[in-house]
Amino acid sequence: MKVVIVGAGSVGSSIARELLAHKHEILLIDLKPEVIGRSGLRGAHWLVGDACELSTLQGAKVEDADVVVSATGDDKVNLVVSLLAKTEFGVGRTVGRVNNPKNDWMFNDSWGVDVAVNTPQLMTALVEEAVEIGDLVRLLTLQTGVSALVEFTVPHDSHVIGRTVGEIRWPEDSTLVAILRDHAPITPSRDDVIDGGDELFFVTTIAAEDDLRALLSPDSAESPQPRPAEDAGYLEQQGPEDDGFEG
């Protein structure tokens, strides 16, 4: 996968480092020549220039990129780059860094942003994940504010312990996509039994978050009635005989 990252500061460099470790092709664009060859980014390609200029993006062949990440410390730059990448070069996926939370409302498809990441917000969520056991924590907002990736660490006295995934009536528009147990990821199935300390990861609409939070709260009166497989609120993996998408 080819990824263009605009902004080679601490955030952009950190993203590049992780992607390089996974063997992706990385091009970093920055105004400052001194950032070229930054330690830890071996194998990355570099371009010095103003990414808000069409000529710079043309020189970077942004149209060939699978993803463009706008990771500068300037929200105006991140918005302009996302908009140009999407409208002028037809990039399939754009990720924009939100520096000022007051500007979060602008980072949507009107400005060509597919995914907006508020770095302090994400860091706070990760901290909360570590300390707020039993609370639903939003890790990442997806699809320009429509959906989110959320996490719930099951307390050892939770009412969902001992119940299978298929027994629980998950809220509509909430899908259990993974279970993390003893640091190992599990793809959930109907028969998986929930245990104390499990980390449950959901993709849910923002509107359904409160329903999911209410279901998982200690005071929930949700009854363990079985649900049809097609309405079970989790990802059912298809066997070899299925014709649909395998995930």
# chains A, B, ... in the order shown; residues from 1 in each chain; ligands from 1
call {"tool": "residues_around", "arguments": {"residues": "Lys86 of chain A", "least_positions_apart": "5", "cutoff": "9 Å", "atoms": "only C-alpha atoms", "output": "PDB file with N, CA, C and O atoms, in the first residue's frame"}}
result
ATOM      1  N   VAL A  68      -3.983   9.187   1.853  1.00  0.00           N
ATOM      2  CA  VAL A  68      -3.255  10.420   2.151  1.00  0.00           C
ATOM      3  C   VAL A  68      -3.561  10.803   3.597  1.00  0.00           C
ATOM      4  O   VAL A  68      -4.733  10.911   3.986  1.00  0.00           O
ATOM      5  N   VAL A  81      -5.256  20.002   2.246  1.00  0.00           N
ATOM      6  CA  VAL A  81      -4.617  18.821   1.660  1.00  0.00           C
ATOM      7  C   VAL A  81      -5.637  17.704   1.446  1.00  0.00           C
ATOM      8  O   VAL A  81      -5.663  17.052   0.393  1.00  0.00           O
ATOM      9  N   VAL A  91      -8.104  10.423  -4.508  1.00  0.00           N
ATOM     10  CA  VAL A  91      -7.563   9.477  -3.528  1.00  0.00           C
ATOM     11  C   VAL A  91      -8.712   8.784  -2.805  1.00  0.00           C
ATOM     12  O   VAL A  91      -9.683   9.433  -2.380  1.00  0.00           O
ATOM     13  N   GLY A  92      -8.610   7.478  -2.657  1.00  0.00           N
ATOM     14  CA  GLY A  92      -9.708   6.709  -2.078  1.00  0.00           C
ATOM     15  C   GLY A  92      -9.911   6.905  -0.594  1.00  0.00           C
ATOM     16  O   GLY A  92     -11.033   6.761  -0.091  1.00  0.00           O
ATOM     17  N   ARG A  93      -8.835   7.244   0.121  1.00  0.00           N
ATOM     18  CA  ARG A  93      -8.937   7.325   1.592  1.00  0.00           C
ATOM     19  C   ARG A  93      -8.097   8.483   2.094  1.00  0.00           C
ATOM     20  O   ARG A  93      -6.902   8.589   1.788  1.00  0.00           O
ATOM     21  N   THR A  94      -8.715   9.367   2.876  1.00  0.00           N
ATOM     22  CA  THR A  94      -7.986  10.478   3.479  1.00  0.00           C
ATOM     23  C   THR A  94      -8.180  10.468   4.982  1.00  0.00           C
ATOM     24  O   THR A  94      -9.282  10.203   5.481  1.00  0.00           O
ATOM     25  N   TRP A 111     -15.029  18.571   3.257  1.00  0.00           N
ATOM     26  CA  TRP A 111     -13.624  18.957   3.072  1.00  0.00           C
ATOM     27  C   TRP A 111     -12.769  17.770   2.624  1.00  0.00           C
ATOM     28  O   TRP A 111     -11.540  17.819   2.690  1.00  0.00           O
ATOM     29  N   GLY A 112     -13.416  16.699   2.198  1.00  0.00           N
ATOM     30  CA  GLY A 112     -12.680  15.561   1.669  1.00  0.00           C
ATOM     31  C   GLY A 112     -12.045  14.667   2.713  1.00  0.00           C
ATOM     32  O   GLY A 112     -11.188  13.846   2.387  1.00  0.00           O
ATOM     33  N   VAL A 113     -12.468  14.798   3.984  1.00  0.00           N
ATOM     34  CA  VAL A 113     -11.882  13.992   5.063  1.00  0.00           C
ATOM     35  C   VAL A 113     -12.740  12.753   5.294  1.00  0.00           C
ATOM     36  O   VAL A 113     -13.923  12.856   5.616  1.00  0.00           O
TER      37      VAL A 113
END
call {"tool": "select_by_dssp", "arguments": {"residues": "segment 63-117 of chain A", "states": "alpha helix (DSSP H)", "output": "list in words"}}
result
Asp75, Lys76, Val77, Asn78, Leu79, Val80, Val81, Ser82, Leu83, Leu84, Ala85, Lys86 and Thr87 of chain A
call {"tool": "write_last_selection", "arguments": {"atoms": "N, CA, C and O atoms", "output": "PDB file, in the first residue's frame"}}
result
ATOM      1  N   ASP A  75      -4.498  23.003  11.285  1.00  0.00           N
ATOM      2  CA  ASP A  75      -5.762  22.442  10.806  1.00  0.00           C
ATOM      3  C   ASP A  75      -6.116  22.936   9.402  1.00  0.00           C
ATOM      4  O   ASP A  75      -6.710  22.197   8.611  1.00  0.00           O
ATOM      5  N   LYS A  76      -5.778  24.182   9.092  1.00  0.00           N
ATOM      6  CA  LYS A  76      -6.080  24.717   7.760  1.00  0.00           C
ATOM      7  C   LYS A  76      -5.354  23.909   6.693  1.00  0.00           C
ATOM      8  O   LYS A  76      -5.928  23.569   5.651  1.00  0.00           O
ATOM      9  N   VAL A  77      -4.095  23.619   6.941  1.00  0.00           N
ATOM     10  CA  VAL A  77      -3.314  22.818   5.989  1.00  0.00           C
ATOM     11  C   VAL A  77      -3.918  21.429   5.845  1.00  0.00           C
ATOM     12  O   VAL A  77      -4.077  20.910   4.725  1.00  0.00           O
ATOM     13  N   ASN A  78      -4.266  20.814   6.947  1.00  0.00           N
ATOM     14  CA  ASN A  78      -4.809  19.454   6.906  1.00  0.00           C
ATOM     15  C   ASN A  78      -6.123  19.391   6.125  1.00  0.00           C
ATOM     16  O   ASN A  78      -6.378  18.429   5.392  1.00  0.00           O
ATOM     17  N   LEU A  79      -6.943  20.417   6.266  1.00  0.00           N
ATOM     18  CA  LEU A  79      -8.207  20.458   5.519  1.00  0.00           C
ATOM     19  C   LEU A  79      -7.971  20.656   4.021  1.00  0.00           C
ATOM     20  O   LEU A  79      -8.578  19.977   3.189  1.00  0.00           O
ATOM     21  N   VAL A  80      -7.087  21.586   3.686  1.00  0.00           N
ATOM     22  CA  VAL A  80      -6.814  21.868   2.272  1.00  0.00           C
ATOM     23  C   VAL A  80      -6.210  20.641   1.594  1.00  0.00           C
ATOM     24  O   VAL A  80      -6.603  20.273   0.470  1.00  0.00           O
ATOM     25  N   VAL A  81      -5.256  20.002   2.246  1.00  0.00           N
ATOM     26  CA  VAL A  81      -4.617  18.821   1.660  1.00  0.00           C
ATOM     27  C   VAL A  81      -5.637  17.704   1.446  1.00  0.00           C
ATOM     28  O   VAL A  81      -5.663  17.052   0.393  1.00  0.00           O
ATOM     29  N   SER A  82      -6.498  17.483   2.433  1.00  0.00           N
ATOM     30  CA  SER A  82      -7.523  16.438   2.302  1.00  0.00           C
ATOM     31  C   SER A  82      -8.465  16.747   1.151  1.00  0.00           C
ATOM     32  O   SER A  82      -8.815  15.854   0.354  1.00  0.00           O
ATOM     33  N   LEU A  83      -8.870  18.005   1.043  1.00  0.00           N
ATOM     34  CA  LEU A  83      -9.790  18.395  -0.021  1.00  0.00           C
ATOM     35  C   LEU A  83      -9.150  18.220  -1.394  1.00  0.00           C
ATOM     36  O   LEU A  83      -9.775  17.687  -2.329  1.00  0.00           O
ATOM     37  N   LEU A  84      -7.899  18.659  -1.547  1.00  0.00           N
ATOM     38  CA  LEU A  84      -7.208  18.511  -2.826  1.00  0.00           C
ATOM     39  C   LEU A  84      -6.996  17.037  -3.179  1.00  0.00           C
ATOM     40  O   LEU A  84      -7.177  16.629  -4.334  1.00  0.00           O
ATOM     41  N   ALA A  85      -6.599  16.252  -2.183  1.00  0.00           N
ATOM     42  CA  ALA A  85      -6.347  14.830  -2.431  1.00  0.00           C
ATOM     43  C   ALA A  85      -7.609  14.137  -2.924  1.00  0.00           C
ATOM     44  O   ALA A  85      -7.569  13.297  -3.833  1.00  0.00           O
ATOM     45  N   LYS A  86      -8.734  14.496  -2.340  1.00  0.00           N
ATOM     46  CA  LYS A  86      -9.989  13.835  -2.690  1.00  0.00           C
ATOM     47  C   LYS A  86     -10.566  14.348  -4.011  1.00  0.00           C
ATOM     48  O   LYS A  86     -10.970  13.551  -4.870  1.00  0.00           O
ATOM     49  N   THR A  87     -10.616  15.667  -4.176  1.00  0.00           N
ATOM     50  CA  THR A  87     -11.309  16.241  -5.332  1.00  0.00           C
ATOM     51  C   THR A  87     -10.448  16.337  -6.578  1.00  0.00           C
ATOM     52  O   THR A  87     -10.937  16.162  -7.695  1.00  0.00           O
TER      53      THR A  87
END
call {"tool": "select_by_dssp", "arguments": {"residues": "segment 51-181 of chain A", "states": "strand (DSSP E)", "output": "CSV table (one decimal) with N, CA and C atoms, in the first residue's frame"}}
result
chain,number,residue,atom,x,y,z
A,67,VAL,N,-3.8,6.0,0.3
A,67,VAL,CA,-4.2,6.8,1.5
A,67,VAL,C,-3.3,8.1,1.5
A,68,VAL,N,-4.0,9.2,1.9
A,68,VAL,CA,-3.3,10.4,2.2
A,68,VAL,C,-3.6,10.8,3.6
A,69,VAL,N,-2.5,11.0,4.4
A,69,VAL,CA,-2.6,11.4,5.8
A,69,VAL,C,-2.2,12.8,5.9
A,70,SER,N,-3.0,13.7,6.4
A,70,SER,CA,-2.7,15.1,6.7
A,70,SER,C,-2.4,15.2,8.2
A,93,ARG,N,-8.8,7.2,0.1
A,93,ARG,CA,-8.9,7.3,1.6
A,93,ARG,C,-8.1,8.5,2.1
A,94,THR,N,-8.7,9.4,2.9
A,94,THR,CA,-8.0,10.5,3.5
A,94,THR,C,-8.2,10.5,5.0
A,95,VAL,N,-7.1,10.8,5.7
A,95,VAL,CA,-7.1,10.8,7.2
A,95,VAL,C,-6.6,12.2,7.6
A,96,GLY,N,-7.4,12.9,8.3
A,96,GLY,CA,-7.0,14.3,8.7
A,96,GLY,C,-6.8,14.4,10.2
A,97,ARG,N,-5.7,15.0,10.6
A,97,ARG,CA,-5.4,15.3,12.0
A,97,ARG,C,-6.1,16.5,12.5
A,98,VAL,N,-6.9,16.5,13.6
A,98,VAL,CA,-7.5,17.6,14.1
A,98,VAL,C,-6.7,18.1,15.3
A,115,VAL,N,-11.6,10.2,7.5
A,115,VAL,CA,-11.5,9.9,8.9
A,115,VAL,C,-10.8,11.0,9.6
A,116,ALA,N,-11.4,11.6,10.7
A,116,ALA,CA,-10.8,12.6,11.4
A,116,ALA,C,-10.2,12.1,12.7
A,117,VAL,N,-9.0,12.4,13.1
A,117,VAL,CA,-8.4,11.9,14.3
A,117,VAL,C,-8.0,13.1,15.1
A,118,ASN,N,-8.6,13.2,16.3
A,118,ASN,CA,-8.2,14.3,17.2
A,118,ASN,C,-7.2,13.6,18.2
A,136,LEU,N,-17.8,2.2,28.7
A,136,LEU,CA,-17.7,2.2,27.3
A,136,LEU,C,-16.8,3.4,26.8
A,137,VAL,N,-15.7,3.1,26.1
A,137,VAL,CA,-14.7,4.1,25.7
A,137,VAL,C,-14.7,4.2,24.2
A,138,ARG,N,-14.9,5.4,23.7
A,138,ARG,CA,-14.7,5.6,22.3
A,138,ARG,C,-13.3,5.8,21.9
A,139,LEU,N,-12.8,4.9,21.0
A,139,LEU,CA,-11.4,5.0,20.6
A,139,LEU,C,-11.2,5.8,19.4
A,140,LEU,N,-12.1,5.8,18.4
A,140,LEU,CA,-11.9,6.4,17.2
A,140,LEU,C,-13.3,6.7,16.5
A,141,THR,N,-13.4,7.9,15.9
A,141,THR,CA,-14.6,8.2,15.2
A,141,THR,C,-14.4,7.9,13.7
A,142,LEU,N,-15.3,7.2,13.1
A,142,LEU,CA,-15.2,6.7,11.8
A,142,LEU,C,-16.3,7.4,10.9
A,147,SER,N,-20.1,6.9,12.7
A,147,SER,CA,-19.8,5.6,13.4
A,147,SER,C,-18.6,5.8,14.3
A,148,ALA,N,-18.4,4.8,15.2
A,148,ALA,CA,-17.2,4.9,16.0
A,148,ALA,C,-16.7,3.5,16.4
A,149,LEU,N,-15.4,3.4,16.7
A,149,LEU,CA,-14.9,2.2,17.3
A,149,LEU,C,-14.8,2.4,18.8
A,150,VAL,N,-15.5,1.5,19.5
A,150,VAL,CA,-15.6,1.7,21.0
A,150,VAL,C,-15.1,0.4,21.7
A,151,GLU,N,-14.7,0.5,22.9
A,151,GLU,CA,-14.1,-0.6,23.7
A,151,GLU,C,-14.8,-0.7,25.0
A,152,PHE,N,-15.0,-1.9,25.5
A,152,PHE,CA,-15.6,-2.1,26.8
A,152,PHE,C,-14.8,-3.3,27.5
A,153,THR,N,-14.2,-3.0,28.7
A,153,THR,CA,-13.6,-4.0,29.4
A,153,THR,C,-14.6,-4.6,30.4
A,174,SER,N,-25.1,-1.8,16.2
A,174,SER,CA,-23.8,-2.0,17.0
A,174,SER,C,-23.4,-3.4,16.7
A,175,THR,N,-22.1,-3.6,16.3
A,175,THR,CA,-21.6,-4.9,15.9
A,175,THR,C,-20.3,-5.2,16.7
A,176,LEU,N,-20.3,-6.3,17.4
A,176,LEU,CA,-19.2,-6.8,18.1
A,176,LEU,C,-18.2,-7.4,17.1
A,177,VAL,N,-17.0,-6.8,16.9
A,177,VAL,CA,-16.1,-7.1,15.9
A,177,VAL,C,-14.9,-7.9,16.4
A,178,ALA,N,-14.6,-7.8,17.7
A,178,ALA,CA,-13.4,-8.5,18.2
A,178,ALA,C,-13.5,-8.6,19.7
A,179,ILE,N,-12.9,-9.7,20.3
A,179,ILE,CA,-12.7,-9.8,21.7
A,179,ILE,C,-11.2,-10.0,22.0
A,180,LEU,N,-10.7,-9.2,22.9
A,180,LEU,CA,-9.3,-9.4,23.3
A,180,LEU,C,-9.2,-10.0,24.6
A,181,ARG,N,-8.6,-11.2,24.7
A,181,ARG,CA,-8.6,-12.0,25.9
A,181,ARG,C,-7.1,-12.5,26.1
call {"tool": "atom_distance", "arguments": {"atom1": "atom CA of Ala71 of chain A", "atom2": "atom CA of Gly12 of chain A"}}
result
5.4 Å
call {"tool": "closest_residue", "arguments": {"among": "A:Leu19, A:Val35, A:His24, A:Gly7", "to": "Asp50 of chain A", "atoms": "only C-alpha atoms"}}
result
A:Gly7
call {"tool": "atom_distance", "arguments": {"atom1": "atom CA of Gly73 of chain A", "atom2": "atom CA of Cys52 of chain A"}}
result
13.8 Å
call {"tool": "atom_distance", "arguments": {"atom1": "atom CA of Ser158 of chain A", "atom2": "atom CA of Ile194 of chain A"}}
result
9.8 Å
call {"tool": "residues_around", "arguments": {"residues": "Ala60 of chain A", "least_positions_apart": "2", "cutoff": "10 Å", "atoms": "only C-alpha atoms", "output": "list in words"}}
result
Val4, Leu27, Leu28, Ile29, His45, Trp46, Leu47, Val48, Gly49, Ala51, Leu54, Ser55, Thr56, Leu57, Gln58, Val62, Glu63, Asp64 and Ala65 of chain A
call {"tool": "write_last_selection", "arguments": {"atoms": "N, CA, C and O atoms", "output": "short mmCIF file (atom, residue, chain, number, x, y, z; two decimals), in the first residue's frame"}}
result
data_model
loop_
_atom_site.label_atom_id
_atom_site.label_comp_id
_atom_site.auth_asym_id
_atom_site.auth_seq_id
_atom_site.Cartn_x
_atom_site.Cartn_y
_atom_site.Cartn_z
N VAL A 4 0.81 8.52 1.43
CA VAL A 4 1.45 9.83 1.45
C VAL A 4 1.10 10.50 2.77
O VAL A 4 -0.08 10.62 3.13
N LEU A 27 5.64 7.99 1.51
CA LEU A 27 6.20 9.25 1.03
C LEU A 27 5.81 10.34 2.01
O LEU A 27 4.63 10.54 2.29
N LEU A 28 6.82 11.03 2.57
CA LEU A 28 6.58 12.12 3.50
C LEU A 28 6.81 13.45 2.79
O LEU A 28 7.81 13.63 2.09
N ILE A 29 5.87 14.38 2.98
CA ILE A 29 5.99 15.72 2.42
C ILE A 29 6.09 16.72 3.56
O ILE A 29 5.26 16.70 4.48
N HIS A 45 10.35 7.65 1.47
CA HIS A 45 10.66 8.62 0.42
C HIS A 45 10.29 10.01 0.94
O HIS A 45 9.38 10.16 1.77
N TRP A 46 11.00 11.04 0.45
CA TRP A 46 10.79 12.39 0.97
C TRP A 46 10.56 13.37 -0.17
O TRP A 46 11.11 13.21 -1.27
N LEU A 47 9.76 14.38 0.13
CA LEU A 47 9.56 15.48 -0.81
C LEU A 47 9.43 16.77 -0.01
O LEU A 47 8.59 16.86 0.89
N VAL A 48 10.30 17.72 -0.32
CA VAL A 48 10.25 19.02 0.35
C VAL A 48 9.36 19.96 -0.46
O VAL A 48 9.59 20.16 -1.66
N GLY A 49 8.34 20.50 0.18
CA GLY A 49 7.45 21.40 -0.54
C GLY A 49 6.20 21.69 0.25
O GLY A 49 5.97 21.14 1.33
N ALA A 51 2.47 21.26 0.61
CA ALA A 51 1.46 20.31 0.16
C ALA A 51 0.13 20.97 -0.19
O ALA A 51 -0.76 20.30 -0.73
N LEU A 54 -0.83 22.58 -5.65
CA LEU A 54 -1.11 21.48 -6.57
C LEU A 54 0.16 20.91 -7.18
O LEU A 54 0.28 19.69 -7.38
N SER A 55 1.12 21.78 -7.49
CA SER A 55 2.36 21.32 -8.12
C SER A 55 3.11 20.34 -7.21
O SER A 55 3.72 19.38 -7.70
N THR A 56 3.08 20.59 -5.92
CA THR A 56 3.76 19.68 -4.99
C THR A 56 3.07 18.32 -4.97
O THR A 56 3.74 17.27 -5.03
N LEU A 57 1.76 18.32 -4.92
CA LEU A 57 1.02 17.06 -4.90
C LEU A 57 1.16 16.33 -6.23
O LEU A 57 1.21 15.09 -6.26
N GLN A 58 1.24 17.08 -7.31
CA GLN A 58 1.47 16.45 -8.61
C GLN A 58 2.84 15.79 -8.65
O GLN A 58 3.00 14.67 -9.15
N VAL A 62 0.29 11.97 -6.10
CA VAL A 62 -0.71 11.63 -5.08
C VAL A 62 -1.82 10.76 -5.66
O VAL A 62 -2.43 9.95 -4.94
N GLU A 63 -2.07 10.89 -6.94
CA GLU A 63 -3.13 10.09 -7.56
C GLU A 63 -2.86 8.59 -7.46
O GLU A 63 -3.78 7.77 -7.57
N ASP A 64 -1.60 8.21 -7.24
CA ASP A 64 -1.25 6.79 -7.12
C ASP A 64 -1.34 6.29 -5.68
O ASP A 64 -1.16 5.10 -5.42
N ALA A 65 -1.61 7.19 -4.74
CA ALA A 65 -1.64 6.82 -3.32
C ALA A 65 -2.95 6.11 -2.97
O ALA A 65 -4.02 6.45 -3.48
#
call {"tool": "residues_around", "arguments": {"residues": "Glu18 of chain A", "least_positions_apart": "6", "cutoff": "12 Å", "atoms": "only C-alpha atoms", "output": "PyMOL selection string"}}
result
chain A and resi 3+11-12+24-26+40-42+44
call {"tool": "write_last_selection", "arguments": {"atoms": "all heavy atoms", "output": "compact mmCIF listing (two decimals), in the first residue's frame"}}
result
# COMPACT_ATOMS: atom_id res chain seq x y z
N VAL A 3 1.25 5.13 0.87
CA VAL A 3 0.68 6.13 1.76
C VAL A 3 1.49 7.41 1.66
O VAL A 3 2.72 7.39 1.77
CB VAL A 3 0.66 5.65 3.22
CG1 VAL A 3 0.03 6.70 4.13
CG2 VAL A 3 -0.08 4.32 3.35
N VAL A 11 3.96 13.50 15.07
CA VAL A 11 2.81 12.66 14.74
C VAL A 11 3.00 11.97 13.40
O VAL A 11 2.84 10.75 13.27
CB VAL A 11 1.51 13.50 14.73
CG1 VAL A 11 0.33 12.66 14.23
CG2 VAL A 11 1.21 14.04 16.12
N GLY A 12 3.36 12.75 12.37
CA GLY A 12 3.57 12.16 11.05
C GLY A 12 4.68 11.13 11.04
O GLY A 12 4.56 10.07 10.41
N HIS A 24 4.84 -1.01 4.21
CA HIS A 24 4.11 -0.15 3.28
C HIS A 24 5.06 0.86 2.65
O HIS A 24 6.10 1.20 3.22
CB HIS A 24 2.98 0.57 4.01
CG HIS A 24 1.92 -0.35 4.55
ND1 HIS A 24 1.14 -1.14 3.74
CD2 HIS A 24 1.54 -0.62 5.83
CE1 HIS A 24 0.30 -1.84 4.48
NE2 HIS A 24 0.54 -1.55 5.74
N GLU A 25 4.68 1.36 1.48
CA GLU A 25 5.47 2.37 0.80
C GLU A 25 5.05 3.75 1.30
O GLU A 25 3.87 4.12 1.19
CB GLU A 25 5.25 2.27 -0.71
CG GLU A 25 6.07 3.27 -1.52
CD GLU A 25 5.78 3.19 -3.01
OE1 GLU A 25 5.08 2.24 -3.43
OE2 GLU A 25 6.23 4.09 -3.74
N ILE A 26 6.01 4.50 1.82
CA ILE A 26 5.70 5.78 2.48
C ILE A 26 6.41 6.93 1.78
O ILE A 26 7.61 6.87 1.51
CB ILE A 26 6.12 5.75 3.97
CG1 ILE A 26 5.49 4.57 4.69
CG2 ILE A 26 5.75 7.07 4.64
CD1 ILE A 26 3.99 4.56 4.68
N GLY A 40 15.12 6.61 12.18
CA GLY A 40 14.00 5.70 12.40
C GLY A 40 13.06 5.60 11.23
O GLY A 40 12.10 4.83 11.27
N LEU A 41 13.30 6.37 10.19
CA LEU A 41 12.41 6.35 9.03
C LEU A 41 13.15 5.87 7.78
O LEU A 41 12.94 6.38 6.69
CB LEU A 41 11.81 7.74 8.79
CG LEU A 41 10.92 8.27 9.91
CD1 LEU A 41 10.40 9.66 9.57
CD2 LEU A 41 9.76 7.32 10.19
N ARG A 42 14.00 4.91 7.96
CA ARG A 42 14.73 4.35 6.83
C ARG A 42 13.78 3.66 5.87
O ARG A 42 12.89 2.92 6.27
CB ARG A 42 15.77 3.34 7.32
CG ARG A 42 16.90 3.98 8.11
CD ARG A 42 17.92 2.94 8.54
NE ARG A 42 19.00 3.54 9.30
CZ ARG A 42 20.00 2.83 9.84
NH1 ARG A 42 20.04 1.52 9.68
NH2 ARG A 42 20.94 3.44 10.53
N ALA A 44 11.79 5.37 3.84
CA ALA A 44 10.75 6.32 3.44
C ALA A 44 11.26 7.20 2.31
O ALA A 44 12.45 7.49 2.20
CB ALA A 44 10.33 7.18 4.63
